[in-house]
file target_38.txt (compact mmCIF, N, CA and C atoms)
# COMPACT_ATOMS: atom_id res chain seq x y z
N MET A 1 172.66 153.39 230.99
CA MET A 1 172.14 154.64 231.46
C MET A 1 171.99 154.64 232.98
N THR A 2 172.03 153.49 233.57
CA THR A 2 171.89 153.41 235.02
C THR A 2 173.03 154.11 235.73
N TYR A 3 174.21 154.07 235.17
CA TYR A 3 175.39 154.59 235.84
C TYR A 3 175.78 155.98 235.37
N THR A 4 174.83 156.73 234.81
CA THR A 4 175.11 158.09 234.37
C THR A 4 174.45 159.08 235.32
N ALA A 5 174.80 160.34 235.15
CA ALA A 5 174.23 161.39 235.99
C ALA A 5 172.97 161.99 235.38
N LEU A 6 172.44 161.36 234.35
CA LEU A 6 171.22 161.87 233.71
C LEU A 6 170.01 161.65 234.61
N THR A 7 169.12 162.64 234.60
CA THR A 7 167.89 162.50 235.37
C THR A 7 166.86 161.71 234.56
N ASP A 8 165.77 161.35 235.19
CA ASP A 8 164.72 160.60 234.51
C ASP A 8 164.08 161.41 233.39
N GLU A 9 164.06 162.72 233.52
CA GLU A 9 163.49 163.56 232.47
C GLU A 9 164.38 163.62 231.24
N GLN A 10 165.67 163.42 231.40
CA GLN A 10 166.61 163.50 230.29
C GLN A 10 166.78 162.18 229.55
N MET A 11 166.35 161.09 230.12
CA MET A 11 166.54 159.77 229.51
C MET A 11 165.87 159.61 228.14
N PRO A 12 164.60 160.02 227.96
CA PRO A 12 163.99 159.87 226.62
C PRO A 12 164.74 160.64 225.54
N LEU A 13 165.20 161.85 225.87
CA LEU A 13 165.95 162.63 224.89
C LEU A 13 167.27 161.95 224.54
N ALA A 14 167.96 161.43 225.55
CA ALA A 14 169.22 160.73 225.31
C ALA A 14 168.99 159.48 224.47
N ALA A 15 167.91 158.76 224.73
CA ALA A 15 167.59 157.55 223.95
C ALA A 15 167.25 157.92 222.51
N THR A 16 166.52 159.02 222.30
CA THR A 16 166.17 159.44 220.94
C THR A 16 167.41 159.86 220.17
N ILE A 17 168.30 160.61 220.80
CA ILE A 17 169.53 161.05 220.14
C ILE A 17 170.40 159.85 219.80
N THR A 18 170.51 158.90 220.72
CA THR A 18 171.30 157.70 220.48
C THR A 18 170.71 156.88 219.34
N GLY A 19 169.39 156.74 219.31
CA GLY A 19 168.75 155.99 218.23
C GLY A 19 168.92 156.67 216.88
N ALA A 20 168.77 157.99 216.84
CA ALA A 20 168.95 158.72 215.58
C ALA A 20 170.39 158.59 215.09
N PHE A 21 171.35 158.70 216.00
CA PHE A 21 172.76 158.53 215.61
C PHE A 21 173.00 157.12 215.07
N SER A 22 172.41 156.13 215.70
CA SER A 22 172.58 154.74 215.26
C SER A 22 172.04 154.53 213.85
N VAL A 23 170.87 155.09 213.59
CA VAL A 23 170.28 154.93 212.26
C VAL A 23 171.09 155.69 211.21
N LEU A 24 171.53 156.91 211.54
CA LEU A 24 172.36 157.67 210.60
C LEU A 24 173.65 156.92 210.27
N TRP A 25 174.30 156.40 211.30
CA TRP A 25 175.54 155.65 211.10
C TRP A 25 175.30 154.40 210.27
N GLY A 26 174.21 153.69 210.57
CA GLY A 26 173.88 152.49 209.80
C GLY A 26 173.55 152.80 208.35
N GLY A 27 172.83 153.90 208.12
CA GLY A 27 172.51 154.31 206.76
C GLY A 27 173.74 154.69 205.97
N PHE A 28 174.64 155.46 206.60
CA PHE A 28 175.89 155.83 205.93
C PHE A 28 176.74 154.60 205.62
N THR A 29 176.80 153.68 206.56
CA THR A 29 177.60 152.47 206.37
C THR A 29 177.02 151.61 205.24
N ALA A 30 175.71 151.44 205.24
CA ALA A 30 175.07 150.65 204.17
C ALA A 30 175.28 151.31 202.81
N ALA A 31 175.17 152.63 202.77
CA ALA A 31 175.35 153.34 201.50
C ALA A 31 176.79 153.25 201.00
N ARG A 32 177.73 153.25 201.91
CA ARG A 32 179.14 153.17 201.53
C ARG A 32 179.50 151.78 200.99
N LEU A 33 178.82 150.76 201.47
CA LEU A 33 179.16 149.39 201.07
C LEU A 33 178.57 148.97 199.72
N VAL A 34 177.58 149.70 199.23
CA VAL A 34 176.97 149.36 197.94
C VAL A 34 177.30 150.44 196.92
N SER A 35 177.27 150.07 195.66
CA SER A 35 177.58 151.06 194.63
C SER A 35 176.32 151.67 194.02
N ARG A 36 175.22 150.95 194.04
CA ARG A 36 173.96 151.44 193.48
C ARG A 36 172.85 151.26 194.50
N GLY A 37 171.86 152.12 194.43
CA GLY A 37 170.72 151.99 195.33
C GLY A 37 171.02 152.40 196.76
N THR A 38 171.87 153.41 196.91
CA THR A 38 172.28 153.80 198.26
C THR A 38 171.12 154.31 199.08
N ILE A 39 170.20 155.06 198.47
CA ILE A 39 169.05 155.59 199.21
C ILE A 39 168.15 154.45 199.67
N ILE A 40 167.97 153.46 198.82
CA ILE A 40 167.13 152.31 199.19
C ILE A 40 167.76 151.53 200.33
N HIS A 41 169.05 151.29 200.27
CA HIS A 41 169.73 150.54 201.33
C HIS A 41 169.72 151.31 202.65
N GLY A 42 169.98 152.62 202.58
CA GLY A 42 169.94 153.43 203.79
C GLY A 42 168.55 153.48 204.39
N GLY A 43 167.52 153.63 203.55
CA GLY A 43 166.15 153.63 204.03
C GLY A 43 165.75 152.29 204.61
N LEU A 44 166.26 151.22 204.03
CA LEU A 44 165.98 149.89 204.55
C LEU A 44 166.59 149.70 205.94
N VAL A 45 167.78 150.23 206.13
CA VAL A 45 168.40 150.17 207.46
C VAL A 45 167.52 150.90 208.47
N GLY A 46 167.04 152.09 208.11
CA GLY A 46 166.16 152.84 209.00
C GLY A 46 164.86 152.11 209.28
N PHE A 47 164.28 151.51 208.24
CA PHE A 47 163.03 150.77 208.41
C PHE A 47 163.22 149.55 209.32
N LEU A 48 164.28 148.81 209.09
CA LEU A 48 164.53 147.63 209.93
C LEU A 48 164.82 148.01 211.37
N TYR A 49 165.54 149.10 211.57
CA TYR A 49 165.80 149.57 212.93
C TYR A 49 164.48 149.94 213.62
N GLY A 50 163.65 150.72 212.93
CA GLY A 50 162.37 151.11 213.51
C GLY A 50 161.47 149.92 213.79
N LEU A 51 161.45 148.97 212.87
CA LEU A 51 160.65 147.77 213.05
C LEU A 51 161.15 146.94 214.23
N LEU A 52 162.46 146.82 214.36
CA LEU A 52 163.03 146.07 215.48
C LEU A 52 162.68 146.73 216.82
N VAL A 53 162.79 148.04 216.90
CA VAL A 53 162.45 148.75 218.13
C VAL A 53 160.96 148.59 218.43
N LEU A 54 160.12 148.68 217.41
CA LEU A 54 158.68 148.50 217.59
C LEU A 54 158.36 147.09 218.08
N LEU A 55 158.98 146.09 217.48
CA LEU A 55 158.73 144.70 217.90
C LEU A 55 159.24 144.43 219.31
N LEU A 56 160.40 144.97 219.64
CA LEU A 56 160.91 144.78 221.00
C LEU A 56 160.00 145.46 222.02
N GLY A 57 159.51 146.64 221.70
CA GLY A 57 158.58 147.31 222.60
C GLY A 57 157.29 146.53 222.77
N ARG A 58 156.84 145.92 221.69
CA ARG A 58 155.60 145.15 221.74
C ARG A 58 155.77 143.84 222.51
N VAL A 59 156.85 143.13 222.24
CA VAL A 59 157.05 141.81 222.84
C VAL A 59 157.58 141.91 224.27
N VAL A 60 158.63 142.71 224.47
CA VAL A 60 159.27 142.76 225.78
C VAL A 60 158.49 143.63 226.76
N LEU A 61 158.10 144.81 226.33
CA LEU A 61 157.45 145.74 227.24
C LEU A 61 155.92 145.67 227.22
N GLN A 62 155.36 144.86 226.33
CA GLN A 62 153.92 144.69 226.21
C GLN A 62 153.22 146.01 225.89
N GLU A 63 153.88 146.89 225.14
CA GLU A 63 153.28 148.16 224.76
C GLU A 63 152.46 148.00 223.49
N PRO A 64 151.32 148.69 223.43
CA PRO A 64 150.53 148.65 222.19
C PRO A 64 151.22 149.49 221.10
N VAL A 65 150.92 149.17 219.86
CA VAL A 65 151.47 149.93 218.74
C VAL A 65 150.68 151.22 218.64
N ALA A 66 151.38 152.33 218.77
CA ALA A 66 150.74 153.64 218.75
C ALA A 66 151.07 154.36 217.45
N LEU A 67 150.30 155.38 217.16
CA LEU A 67 150.54 156.19 215.98
C LEU A 67 151.91 156.85 216.06
N LEU A 68 152.33 157.23 217.26
CA LEU A 68 153.65 157.84 217.45
C LEU A 68 154.75 156.88 217.02
N ALA A 69 154.57 155.59 217.26
CA ALA A 69 155.57 154.60 216.85
C ALA A 69 155.69 154.55 215.34
N LEU A 70 154.59 154.66 214.64
CA LEU A 70 154.64 154.66 213.18
C LEU A 70 155.34 155.90 212.65
N TRP A 71 155.15 157.04 213.32
CA TRP A 71 155.87 158.26 212.94
C TRP A 71 157.36 158.10 213.18
N ARG A 72 157.72 157.41 214.25
CA ARG A 72 159.15 157.20 214.54
C ARG A 72 159.79 156.29 213.51
N ILE A 73 159.06 155.29 213.03
CA ILE A 73 159.60 154.44 211.97
C ILE A 73 159.81 155.27 210.71
N THR A 74 158.86 156.14 210.40
CA THR A 74 159.03 157.02 209.24
C THR A 74 160.26 157.90 209.41
N GLY A 75 160.46 158.43 210.61
CA GLY A 75 161.65 159.22 210.88
C GLY A 75 162.92 158.42 210.75
N ALA A 76 162.88 157.16 211.19
CA ALA A 76 164.05 156.30 211.08
C ALA A 76 164.39 156.02 209.62
N VAL A 77 163.37 155.83 208.80
CA VAL A 77 163.62 155.59 207.38
C VAL A 77 164.25 156.83 206.75
N LEU A 78 163.73 158.00 207.09
CA LEU A 78 164.29 159.23 206.53
C LEU A 78 165.71 159.47 207.01
N CYS A 79 166.00 159.17 208.27
CA CYS A 79 167.38 159.31 208.77
C CYS A 79 168.31 158.33 208.08
N GLY A 80 167.82 157.15 207.82
CA GLY A 80 168.65 156.15 207.15
C GLY A 80 168.96 156.53 205.72
N GLU A 81 168.07 157.28 205.08
CA GLU A 81 168.28 157.69 203.69
C GLU A 81 169.24 158.86 203.58
N THR A 82 169.51 159.54 204.65
CA THR A 82 170.35 160.73 204.60
C THR A 82 171.77 160.41 204.24
call {"tool": "encode", "arguments": {"input": "target_38.txt", "output": "C-alpha cells"}}
result
Amino acid sequence: MTYTALTDEQMPLAATITGAFSVLWGGFTAARLVSRGTIIHGGLVGFLYGLLVLLLGRVVLQEPVALLALWRITGAVLCGET
C-alpha cells in the first residue's frame, strides 16, 4: 500500500475490502475441496482468518482486544460460510 495513490483515509477501507475478498475466496476454495460440511469448512476458514488477524494485532501492534474485533471475527466467519 506504500506505493499506491491511496490516501490515509482510504487505507482502512481498502484493507477491509481486501480482507473480505480473502475470506470469501478462502471459504469458496475450502468448500470446493470438500464434499460434505462445506458451510463448516468455510466458516472455519473465516474464523481462523479472523483469529490470525486478531492475534497479529495483539502481538505485533500491541493492540488490546476490542469488541469491534470480535464483531469482525463474526463477520469473517459469515463471509467464509457464503
call {"tool": "atom_distance", "arguments": {"input": "target_38.txt", "atom1": "atom C of A:Gly42", "atom2": "atom N of A:Gln10"}}
result
28.9 Å
call {"tool": "select_by_dssp", "arguments": {"input": "target_38.txt", "residues": "stretch 6-74 of chain A", "states": "alpha helix (DSSP H)", "output": "number ranges by chain"}}
result
A: 11-33, 38-59, 67-74
call {"tool": "closest_residue", "arguments": {"input": "target_38.txt", "among": "A:Gly19, A:Gly26, A:Gly43, A:Gly37", "to": "A:Leu78", "atoms": "all atoms listed in the file"}}
result
A:Gly43
call {"tool": "closest_residue", "arguments": {"input": "target_38.txt", "among": "A:Ala20, A:Ala69, A:Ala76, A:Ala15", "to": "A:Leu48", "atoms": "only N, CA and C atoms"}}
result
A:Ala76
call {"tool": "decode", "arguments": {"input": "target_38.txt", "residues": "stretch 9-21 of chain A", "atoms": "all heavy atoms", "output": "PDB file, in the first residue's frame"}}
result
ATOM      1  N   GLU A   9      -6.903   8.184   4.468  1.00  0.00           N
ATOM      2  CA  GLU A   9      -8.308   7.957   4.804  1.00  0.00           C
ATOM      3  C   GLU A   9      -8.872   6.751   4.066  1.00  0.00           C
ATOM      4  O   GLU A   9      -9.835   6.131   4.516  1.00  0.00           O
ATOM      5  CB  GLU A   9      -9.150   9.192   4.468  1.00  0.00           C
ATOM      6  CG  GLU A   9      -8.864  10.391   5.351  1.00  0.00           C
ATOM      7  CD  GLU A   9      -7.651  11.183   4.890  1.00  0.00           C
ATOM      8  OE1 GLU A   9      -7.313  11.131   3.682  1.00  0.00           O
ATOM      9  OE2 GLU A   9      -7.020  11.830   5.733  1.00  0.00           O
ATOM     10  N   GLN A  10      -8.318   6.406   2.921  1.00  0.00           N
ATOM     11  CA  GLN A  10      -8.815   5.299   2.116  1.00  0.00           C
ATOM     12  C   GLN A  10      -8.196   3.954   2.490  1.00  0.00           C
ATOM     13  O   GLN A  10      -8.710   2.904   2.101  1.00  0.00           O
ATOM     14  CB  GLN A  10      -8.559   5.570   0.635  1.00  0.00           C
ATOM     15  CG  GLN A  10      -9.309   6.776   0.112  1.00  0.00           C
ATOM     16  CD  GLN A  10      -8.833   7.180  -1.262  1.00  0.00           C
ATOM     17  OE1 GLN A  10      -7.685   6.953  -1.629  1.00  0.00           O
ATOM     18  NE2 GLN A  10      -9.731   7.782  -2.031  1.00  0.00           N
ATOM     19  N   MET A  11      -7.125   3.959   3.225  1.00  0.00           N
ATOM     20  CA  MET A  11      -6.421   2.720   3.577  1.00  0.00           C
ATOM     21  C   MET A  11      -7.268   1.726   4.376  1.00  0.00           C
ATOM     22  O   MET A  11      -7.274   0.542   4.057  1.00  0.00           O
ATOM     23  CB  MET A  11      -5.137   3.030   4.345  1.00  0.00           C
ATOM     24  CG  MET A  11      -4.097   3.708   3.520  1.00  0.00           C
ATOM     25  SD  MET A  11      -3.381   2.580   2.337  1.00  0.00           S
ATOM     26  CE  MET A  11      -2.074   3.592   1.706  1.00  0.00           C
ATOM     27  N   PRO A  12      -7.991   2.157   5.435  1.00  0.00           N
ATOM     28  CA  PRO A  12      -8.800   1.173   6.174  1.00  0.00           C
ATOM     29  C   PRO A  12      -9.862   0.510   5.304  1.00  0.00           C
ATOM     30  O   PRO A  12     -10.107  -0.695   5.430  1.00  0.00           O
ATOM     31  CB  PRO A  12      -9.440   1.996   7.297  1.00  0.00           C
ATOM     32  CG  PRO A  12      -8.553   3.160   7.474  1.00  0.00           C
ATOM     33  CD  PRO A  12      -8.006   3.458   6.107  1.00  0.00           C
ATOM     34  N   LEU A  13     -10.493   1.277   4.418  1.00  0.00           N
ATOM     35  CA  LEU A  13     -11.498   0.700   3.530  1.00  0.00           C
ATOM     36  C   LEU A  13     -10.866  -0.309   2.578  1.00  0.00           C
ATOM     37  O   LEU A  13     -11.399  -1.397   2.364  1.00  0.00           O
ATOM     38  CB  LEU A  13     -12.221   1.796   2.747  1.00  0.00           C
ATOM     39  CG  LEU A  13     -13.267   1.311   1.753  1.00  0.00           C
ATOM     40  CD1 LEU A  13     -14.378   0.564   2.467  1.00  0.00           C
ATOM     41  CD2 LEU A  13     -13.806   2.472   0.952  1.00  0.00           C
ATOM     42  N   ALA A  14      -9.713   0.034   2.028  1.00  0.00           N
ATOM     43  CA  ALA A  14      -9.018  -0.886   1.119  1.00  0.00           C
ATOM     44  C   ALA A  14      -8.603  -2.159   1.855  1.00  0.00           C
ATOM     45  O   ALA A  14      -8.720  -3.264   1.317  1.00  0.00           O
ATOM     46  CB  ALA A  14      -7.799  -0.203   0.508  1.00  0.00           C
ATOM     47  N   ALA A  15      -8.147  -2.026   3.097  1.00  0.00           N
ATOM     48  CA  ALA A  15      -7.756  -3.204   3.884  1.00  0.00           C
ATOM     49  C   ALA A  15      -8.968  -4.070   4.209  1.00  0.00           C
ATOM     50  O   ALA A  15      -8.886  -5.305   4.162  1.00  0.00           O
ATOM     51  CB  ALA A  15      -7.050  -2.761   5.161  1.00  0.00           C
ATOM     52  N   THR A  16     -10.110  -3.452   4.514  1.00  0.00           N
ATOM     53  CA  THR A  16     -11.323  -4.210   4.814  1.00  0.00           C
ATOM     54  C   THR A  16     -11.816  -4.959   3.582  1.00  0.00           C
ATOM     55  O   THR A  16     -12.179  -6.136   3.667  1.00  0.00           O
ATOM     56  CB  THR A  16     -12.422  -3.266   5.337  1.00  0.00           C
ATOM     57  OG1 THR A  16     -11.947  -2.633   6.520  1.00  0.00           O
ATOM     58  CG2 THR A  16     -13.700  -4.026   5.644  1.00  0.00           C
ATOM     59  N   ILE A  17     -11.810  -4.299   2.436  1.00  0.00           N
ATOM     60  CA  ILE A  17     -12.245  -4.945   1.192  1.00  0.00           C
ATOM     61  C   ILE A  17     -11.315  -6.095   0.838  1.00  0.00           C
ATOM     62  O   ILE A  17     -11.762  -7.183   0.461  1.00  0.00           O
ATOM     63  CB  ILE A  17     -12.330  -3.915   0.056  1.00  0.00           C
ATOM     64  CG1 ILE A  17     -13.496  -2.963   0.318  1.00  0.00           C
ATOM     65  CG2 ILE A  17     -12.490  -4.597  -1.298  1.00  0.00           C
ATOM     66  CD1 ILE A  17     -13.555  -1.781  -0.620  1.00  0.00           C
ATOM     67  N   THR A  18     -10.017  -5.886   0.987  1.00  0.00           N
ATOM     68  CA  THR A  18      -9.045  -6.943   0.699  1.00  0.00           C
ATOM     69  C   THR A  18      -9.230  -8.128   1.642  1.00  0.00           C
ATOM     70  O   THR A  18      -9.186  -9.285   1.213  1.00  0.00           O
ATOM     71  CB  THR A  18      -7.615  -6.387   0.832  1.00  0.00           C
ATOM     72  OG1 THR A  18      -7.465  -5.277  -0.053  1.00  0.00           O
ATOM     73  CG2 THR A  18      -6.575  -7.438   0.493  1.00  0.00           C
ATOM     74  N   GLY A  19      -9.449  -7.855   2.922  1.00  0.00           N
ATOM     75  CA  GLY A  19      -9.662  -8.930   3.887  1.00  0.00           C
ATOM     76  C   GLY A  19     -10.940  -9.705   3.608  1.00  0.00           C
ATOM     77  O   GLY A  19     -10.953 -10.937   3.668  1.00  0.00           O
ATOM     78  N   ALA A  20     -12.022  -8.995   3.282  1.00  0.00           N
ATOM     79  CA  ALA A  20     -13.284  -9.665   2.970  1.00  0.00           C
ATOM     80  C   ALA A  20     -13.141 -10.534   1.721  1.00  0.00           C
ATOM     81  O   ALA A  20     -13.633 -11.666   1.685  1.00  0.00           O
ATOM     82  CB  ALA A  20     -14.399  -8.645   2.785  1.00  0.00           C
ATOM     83  N   PHE A  21     -12.458 -10.019   0.705  1.00  0.00           N
ATOM     84  CA  PHE A  21     -12.227 -10.807  -0.505  1.00  0.00           C
ATOM     85  C   PHE A  21     -11.403 -12.052  -0.185  1.00  0.00           C
ATOM     86  O   PHE A  21     -11.683 -13.137  -0.690  1.00  0.00           O
ATOM     87  CB  PHE A  21     -11.528  -9.965  -1.574  1.00  0.00           C
ATOM     88  CG  PHE A  21     -11.200 -10.734  -2.809  1.00  0.00           C
ATOM     89  CD1 PHE A  21     -12.190 -11.056  -3.724  1.00  0.00           C
ATOM     90  CD2 PHE A  21      -9.905 -11.165  -3.045  1.00  0.00           C
ATOM     91  CE1 PHE A  21     -11.900 -11.786  -4.866  1.00  0.00           C
ATOM     92  CE2 PHE A  21      -9.600 -11.891  -4.175  1.00  0.00           C
ATOM     93  CZ  PHE A  21     -10.597 -12.202  -5.094  1.00  0.00           C
TER      94      PHE A  21
END
